[in-house]
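This report refers to the structure that appears directly beneath it.
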Amino acid sequence: MNEEKLKELYDKMIQVHEKVESIYDKEGVPSMLKNEYRNKVSQYNDMYENCQDMKLMTSKQETIDNLLNQQAEILNVRIKWELDWAKRVIERL
């Protein structure tokens with residue numbers, strides 16, 4: 001994974017997030033699901049940012065590569081989770 005591919009994946013996550021956010025804002029979404037959404041998004045944001053901070057603290061390319069891979073995994077899991085969350089909400093509306 002390189003920075004350019006990570007940026008593309010991040011952009012994809014932003015697109016998914018914006019669409020899911022519009023579902024979140026709909027009337028009738030149960031508060032339990034809204035709480036789950038806020039908590040998970042916050043966790044994924046924190047994990048991603050922690051990896052970003054660690055990349056800035058190291059000069060070892062191997063460590064940077066590992067952190068890039070971790071960030072990609074975080075984004076992939078987040079995209080999958082957000083899509084699943086949206087599906088569950090739509091089923092309840």
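Going by the structure tokens order, chains are called A, B, ..., each with residues numbered from 1, while ligands are numbered from 1 in the order shown.
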Practice prompt. Please provide as a list in words all residues within 10 Å of Arg38 in chain A, with the sequence filter that same-chain residues fewer than 5 positions apart are discarded (counting only C-alpha atoms).
Written response: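 Near Arg38 in chain A, the qualifying residues are Tyr24, Leu33 and Gln43 of chain A.
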Residues from last step as file, all heavy atoms, as a compact mmCIF listing (two decimals), in the first residue's frame:
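The result, written out as part_18.txt:
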```txt
# COMPACT_ATOMS: atom_id res chain seq x y z
N TYR A 24 -28.50 8.45 8.20
CA TYR A 24 -28.46 8.74 9.64
C TYR A 24 -29.38 9.92 9.98
O TYR A 24 -30.06 9.92 11.00
CB TYR A 24 -27.02 9.05 10.06
CG TYR A 24 -26.85 9.51 11.48
CD1 TYR A 24 -26.64 8.60 12.50
CD2 TYR A 24 -26.89 10.86 11.80
CE1 TYR A 24 -26.47 9.02 13.81
CE2 TYR A 24 -26.73 11.29 13.11
CZ TYR A 24 -26.52 10.36 14.10
OH TYR A 24 -26.37 10.79 15.40
N LEU A 33 -29.49 2.78 17.17
CA LEU A 33 -28.66 2.71 15.97
C LEU A 33 -27.86 3.99 15.75
O LEU A 33 -26.73 3.96 15.28
CB LEU A 33 -29.52 2.39 14.74
CG LEU A 33 -30.03 0.95 14.66
CD1 LEU A 33 -31.03 0.78 13.53
CD2 LEU A 33 -28.88 -0.03 14.50
N GLN A 43 -14.66 5.70 16.77
CA GLN A 43 -13.60 4.71 16.97
C GLN A 43 -12.74 4.56 15.71
O GLN A 43 -11.50 4.55 15.79
CB GLN A 43 -14.18 3.35 17.34
CG GLN A 43 -14.72 3.28 18.74
CD GLN A 43 -15.43 1.96 19.02
OE1 GLN A 43 -15.67 1.16 18.12
NE2 GLN A 43 -15.74 1.74 20.29
```
Item to complete: Name all residues at most 9 Å from range 62-78 of chain A (count only C-alpha atoms; drop same-chain ones fewer than 2 positions away) and give them as a PyMOL selection string.
Response: chain A and resi 1-3+5-6+9-10+12-13+40-41+44-45+47-49+51-52+54-56+58-60+80-83
Could you write out the selected residues, including N, CA and C atoms, as a PDB file, in the first residue's frame?
```
ATOM      1  N   MET A   1       0.860  -1.185   0.000  1.00  0.00           N
ATOM      2  CA  MET A   1       0.000   0.000   0.000  1.00  0.00           C
ATOM      3  C   MET A   1       0.895   1.234   0.000  1.00  0.00           C
ATOM      4  N   ASN A   2       0.569   2.165  -0.879  1.00  0.00           N
ATOM      5  CA  ASN A   2       1.311   3.420  -0.876  1.00  0.00           C
ATOM      6  C   ASN A   2       0.345   4.562  -0.554  1.00  0.00           C
ATOM      7  N   GLU A   3       0.910   5.726  -0.349  1.00  0.00           N
ATOM      8  CA  GLU A   3       0.104   6.887   0.061  1.00  0.00           C
ATOM      9  C   GLU A   3      -0.987   7.214  -0.957  1.00  0.00           C
ATOM     10  N   LYS A   5      -2.605   5.176  -3.092  1.00  0.00           N
ATOM     11  CA  LYS A   5      -3.712   4.211  -3.020  1.00  0.00           C
ATOM     12  C   LYS A   5      -4.514   4.404  -1.727  1.00  0.00           C
ATOM     13  N   LEU A   6      -3.814   4.755  -0.652  1.00  0.00           N
ATOM     14  CA  LEU A   6      -4.502   5.027   0.605  1.00  0.00           C
ATOM     15  C   LEU A   6      -5.420   6.239   0.443  1.00  0.00           C
ATOM     16  N   LEU A   9      -8.525   5.191  -1.368  1.00  0.00           N
ATOM     17  CA  LEU A   9      -9.394   4.443  -0.466  1.00  0.00           C
ATOM     18  C   LEU A   9     -10.075   5.383   0.532  1.00  0.00           C
ATOM     19  N   TYR A  10      -9.329   6.366   1.006  1.00  0.00           N
ATOM     20  CA  TYR A  10      -9.897   7.353   1.931  1.00  0.00           C
ATOM     21  C   TYR A  10     -11.019   8.136   1.246  1.00  0.00           C
ATOM     22  N   LYS A  12     -12.879   7.096  -1.178  1.00  0.00           N
ATOM     23  CA  LYS A  12     -14.010   6.178  -1.299  1.00  0.00           C
ATOM     24  C   LYS A  12     -14.775   6.105   0.022  1.00  0.00           C
ATOM     25  N   MET A  13     -14.033   6.040   1.131  1.00  0.00           N
ATOM     26  CA  MET A  13     -14.669   6.001   2.448  1.00  0.00           C
ATOM     27  C   MET A  13     -15.491   7.265   2.676  1.00  0.00           C
ATOM     28  N   LYS A  40     -19.083   4.044  16.638  1.00  0.00           N
ATOM     29  CA  LYS A  40     -18.212   3.326  15.701  1.00  0.00           C
ATOM     30  C   LYS A  40     -17.429   4.295  14.818  1.00  0.00           C
ATOM     31  N   VAL A  41     -18.104   5.313  14.304  1.00  0.00           N
ATOM     32  CA  VAL A  41     -17.413   6.281  13.445  1.00  0.00           C
ATOM     33  C   VAL A  41     -16.294   6.960  14.233  1.00  0.00           C
ATOM     34  N   TYR A  44     -13.388   4.436  14.552  1.00  0.00           N
ATOM     35  CA  TYR A  44     -12.635   4.301  13.306  1.00  0.00           C
ATOM     36  C   TYR A  44     -11.802   5.553  13.030  1.00  0.00           C
ATOM     37  N   ASN A  45     -12.363   6.731  13.275  1.00  0.00           N
ATOM     38  CA  ASN A  45     -11.605   7.973  13.092  1.00  0.00           C
ATOM     39  C   ASN A  45     -10.382   7.998  14.000  1.00  0.00           C
ATOM     40  N   MET A  47      -8.767   5.443  15.401  1.00  0.00           N
ATOM     41  CA  MET A  47      -7.770   4.441  14.990  1.00  0.00           C
ATOM     42  C   MET A  47      -6.961   4.940  13.798  1.00  0.00           C
ATOM     43  N   TYR A  48      -7.654   5.509  12.825  1.00  0.00           N
ATOM     44  CA  TYR A  48      -6.987   6.019  11.628  1.00  0.00           C
ATOM     45  C   TYR A  48      -6.010   7.138  11.992  1.00  0.00           C
ATOM     46  N   GLU A  49      -6.464   8.072  12.815  1.00  0.00           N
ATOM     47  CA  GLU A  49      -5.621   9.201  13.215  1.00  0.00           C
ATOM     48  C   GLU A  49      -4.431   8.750  14.055  1.00  0.00           C
ATOM     49  N   CYS A  51      -2.812   5.941  13.766  1.00  0.00           N
ATOM     50  CA  CYS A  51      -1.825   5.428  12.810  1.00  0.00           C
ATOM     51  C   CYS A  51      -1.123   6.581  12.103  1.00  0.00           C
ATOM     52  N   GLN A  52      -1.888   7.594  11.743  1.00  0.00           N
ATOM     53  CA  GLN A  52      -1.308   8.771  11.077  1.00  0.00           C
ATOM     54  C   GLN A  52      -0.264   9.425  11.981  1.00  0.00           C
ATOM     55  N   MET A  54       1.430   8.016  14.412  1.00  0.00           N
ATOM     56  CA  MET A  54       2.586   7.132  14.560  1.00  0.00           C
ATOM     57  C   MET A  54       3.493   7.197  13.331  1.00  0.00           C
ATOM     58  N   LYS A  55       2.901   7.366  12.141  1.00  0.00           N
ATOM     59  CA  LYS A  55       3.718   7.498  10.934  1.00  0.00           C
ATOM     60  C   LYS A  55       4.625   8.722  11.026  1.00  0.00           C
ATOM     61  N   LEU A  56       4.117   9.778  11.636  1.00  0.00           N
ATOM     62  CA  LEU A  56       4.911  11.007  11.761  1.00  0.00           C
ATOM     63  C   LEU A  56       6.039  10.870  12.779  1.00  0.00           C
ATOM     64  N   THR A  58       7.949   8.139  13.206  1.00  0.00           N
ATOM     65  CA  THR A  58       8.983   7.172  12.843  1.00  0.00           C
ATOM     66  C   THR A  58       9.662   7.557  11.537  1.00  0.00           C
ATOM     67  N   SER A  59      10.867   7.064  11.409  1.00  0.00           N
ATOM     68  CA  SER A  59      11.582   7.268  10.153  1.00  0.00           C
ATOM     69  C   SER A  59      11.835   5.938   9.452  1.00  0.00           C
ATOM     70  N   LYS A  60      11.464   4.834  10.093  1.00  0.00           N
ATOM     71  CA  LYS A  60      11.670   3.509   9.500  1.00  0.00           C
ATOM     72  C   LYS A  60      10.610   3.240   8.440  1.00  0.00           C
ATOM     73  N   LYS A  80     -17.141  -1.282   5.003  1.00  0.00           N
ATOM     74  CA  LYS A  80     -18.019  -2.456   5.109  1.00  0.00           C
ATOM     75  C   LYS A  80     -19.022  -2.273   6.254  1.00  0.00           C
ATOM     76  N   TRP A  81     -18.541  -1.800   7.403  1.00  0.00           N
ATOM     77  CA  TRP A  81     -19.428  -1.619   8.551  1.00  0.00           C
ATOM     78  C   TRP A  81     -20.491  -0.556   8.262  1.00  0.00           C
ATOM     79  N   GLU A  82     -20.099   0.572   7.686  1.00  0.00           N
ATOM     80  CA  GLU A  82     -21.070   1.636   7.402  1.00  0.00           C
ATOM     81  C   GLU A  82     -22.145   1.161   6.428  1.00  0.00           C
ATOM     82  N   LEU A  83     -21.743   0.408   5.415  1.00  0.00           N
ATOM     83  CA  LEU A  83     -22.737  -0.111   4.468  1.00  0.00           C
ATOM     84  C   LEU A  83     -23.687  -1.092   5.157  1.00  0.00           C
TER      85      LEU A  83
END
```
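In this model, the gap between CA of Met32 in chain A and CA of Ile14 in chain A comes to 23.3 Å.
Within the 12 Å cut-off around Glu91 in chain A, using only C-alpha atoms and omitting residues fewer than 3 positions from it on the same chain, the listed residues are Ile23, Gly28, Val29, Pro30, Asp84, Trp85, Ala86, Lys87 and Arg88 of chain A.
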Residue selection dump (N, CA and C atoms) as a PDB file, in the first residue's frame:
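What ended up in out29.pdb:
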```
ATOM      1  N   ILE A  23     -28.561   8.898   5.482  1.00  0.00           N
ATOM      2  CA  ILE A  23     -29.509   7.940   6.066  1.00  0.00           C
ATOM      3  C   ILE A  23     -29.620   8.188   7.563  1.00  0.00           C
ATOM      4  N   GLY A  28     -36.870   8.885  12.055  1.00  0.00           N
ATOM      5  CA  GLY A  28     -37.300   7.528  12.367  1.00  0.00           C
ATOM      6  C   GLY A  28     -36.178   6.544  12.613  1.00  0.00           C
ATOM      7  N   VAL A  29     -34.921   6.986  12.504  1.00  0.00           N
ATOM      8  CA  VAL A  29     -33.800   6.091  12.799  1.00  0.00           C
ATOM      9  C   VAL A  29     -33.751   5.903  14.320  1.00  0.00           C
ATOM     10  N   PRO A  30     -33.823   4.646  14.786  1.00  0.00           N
ATOM     11  CA  PRO A  30     -33.821   4.399  16.239  1.00  0.00           C
ATOM     12  C   PRO A  30     -32.571   4.976  16.913  1.00  0.00           C
ATOM     13  N   ASP A  84     -23.155  -1.923   6.028  1.00  0.00           N
ATOM     14  CA  ASP A  84     -23.989  -2.861   6.776  1.00  0.00           C
ATOM     15  C   ASP A  84     -24.941  -2.106   7.704  1.00  0.00           C
ATOM     16  N   TRP A  85     -24.430  -1.067   8.355  1.00  0.00           N
ATOM     17  CA  TRP A  85     -25.263  -0.275   9.257  1.00  0.00           C
ATOM     18  C   TRP A  85     -26.412   0.365   8.467  1.00  0.00           C
ATOM     19  N   ALA A  86     -26.091   0.926   7.315  1.00  0.00           N
ATOM     20  CA  ALA A  86     -27.119   1.566   6.480  1.00  0.00           C
ATOM     21  C   ALA A  86     -28.182   0.550   6.066  1.00  0.00           C
ATOM     22  N   LYS A  87     -27.763  -0.636   5.724  1.00  0.00           N
ATOM     23  CA  LYS A  87     -28.702  -1.691   5.332  1.00  0.00           C
ATOM     24  C   LYS A  87     -29.640  -2.029   6.491  1.00  0.00           C
ATOM     25  N   ARG A  88     -29.084  -2.149   7.696  1.00  0.00           N
ATOM     26  CA  ARG A  88     -29.921  -2.449   8.867  1.00  0.00           C
ATOM     27  C   ARG A  88     -30.924  -1.335   9.138  1.00  0.00           C
TER      28      ARG A  88
END
```
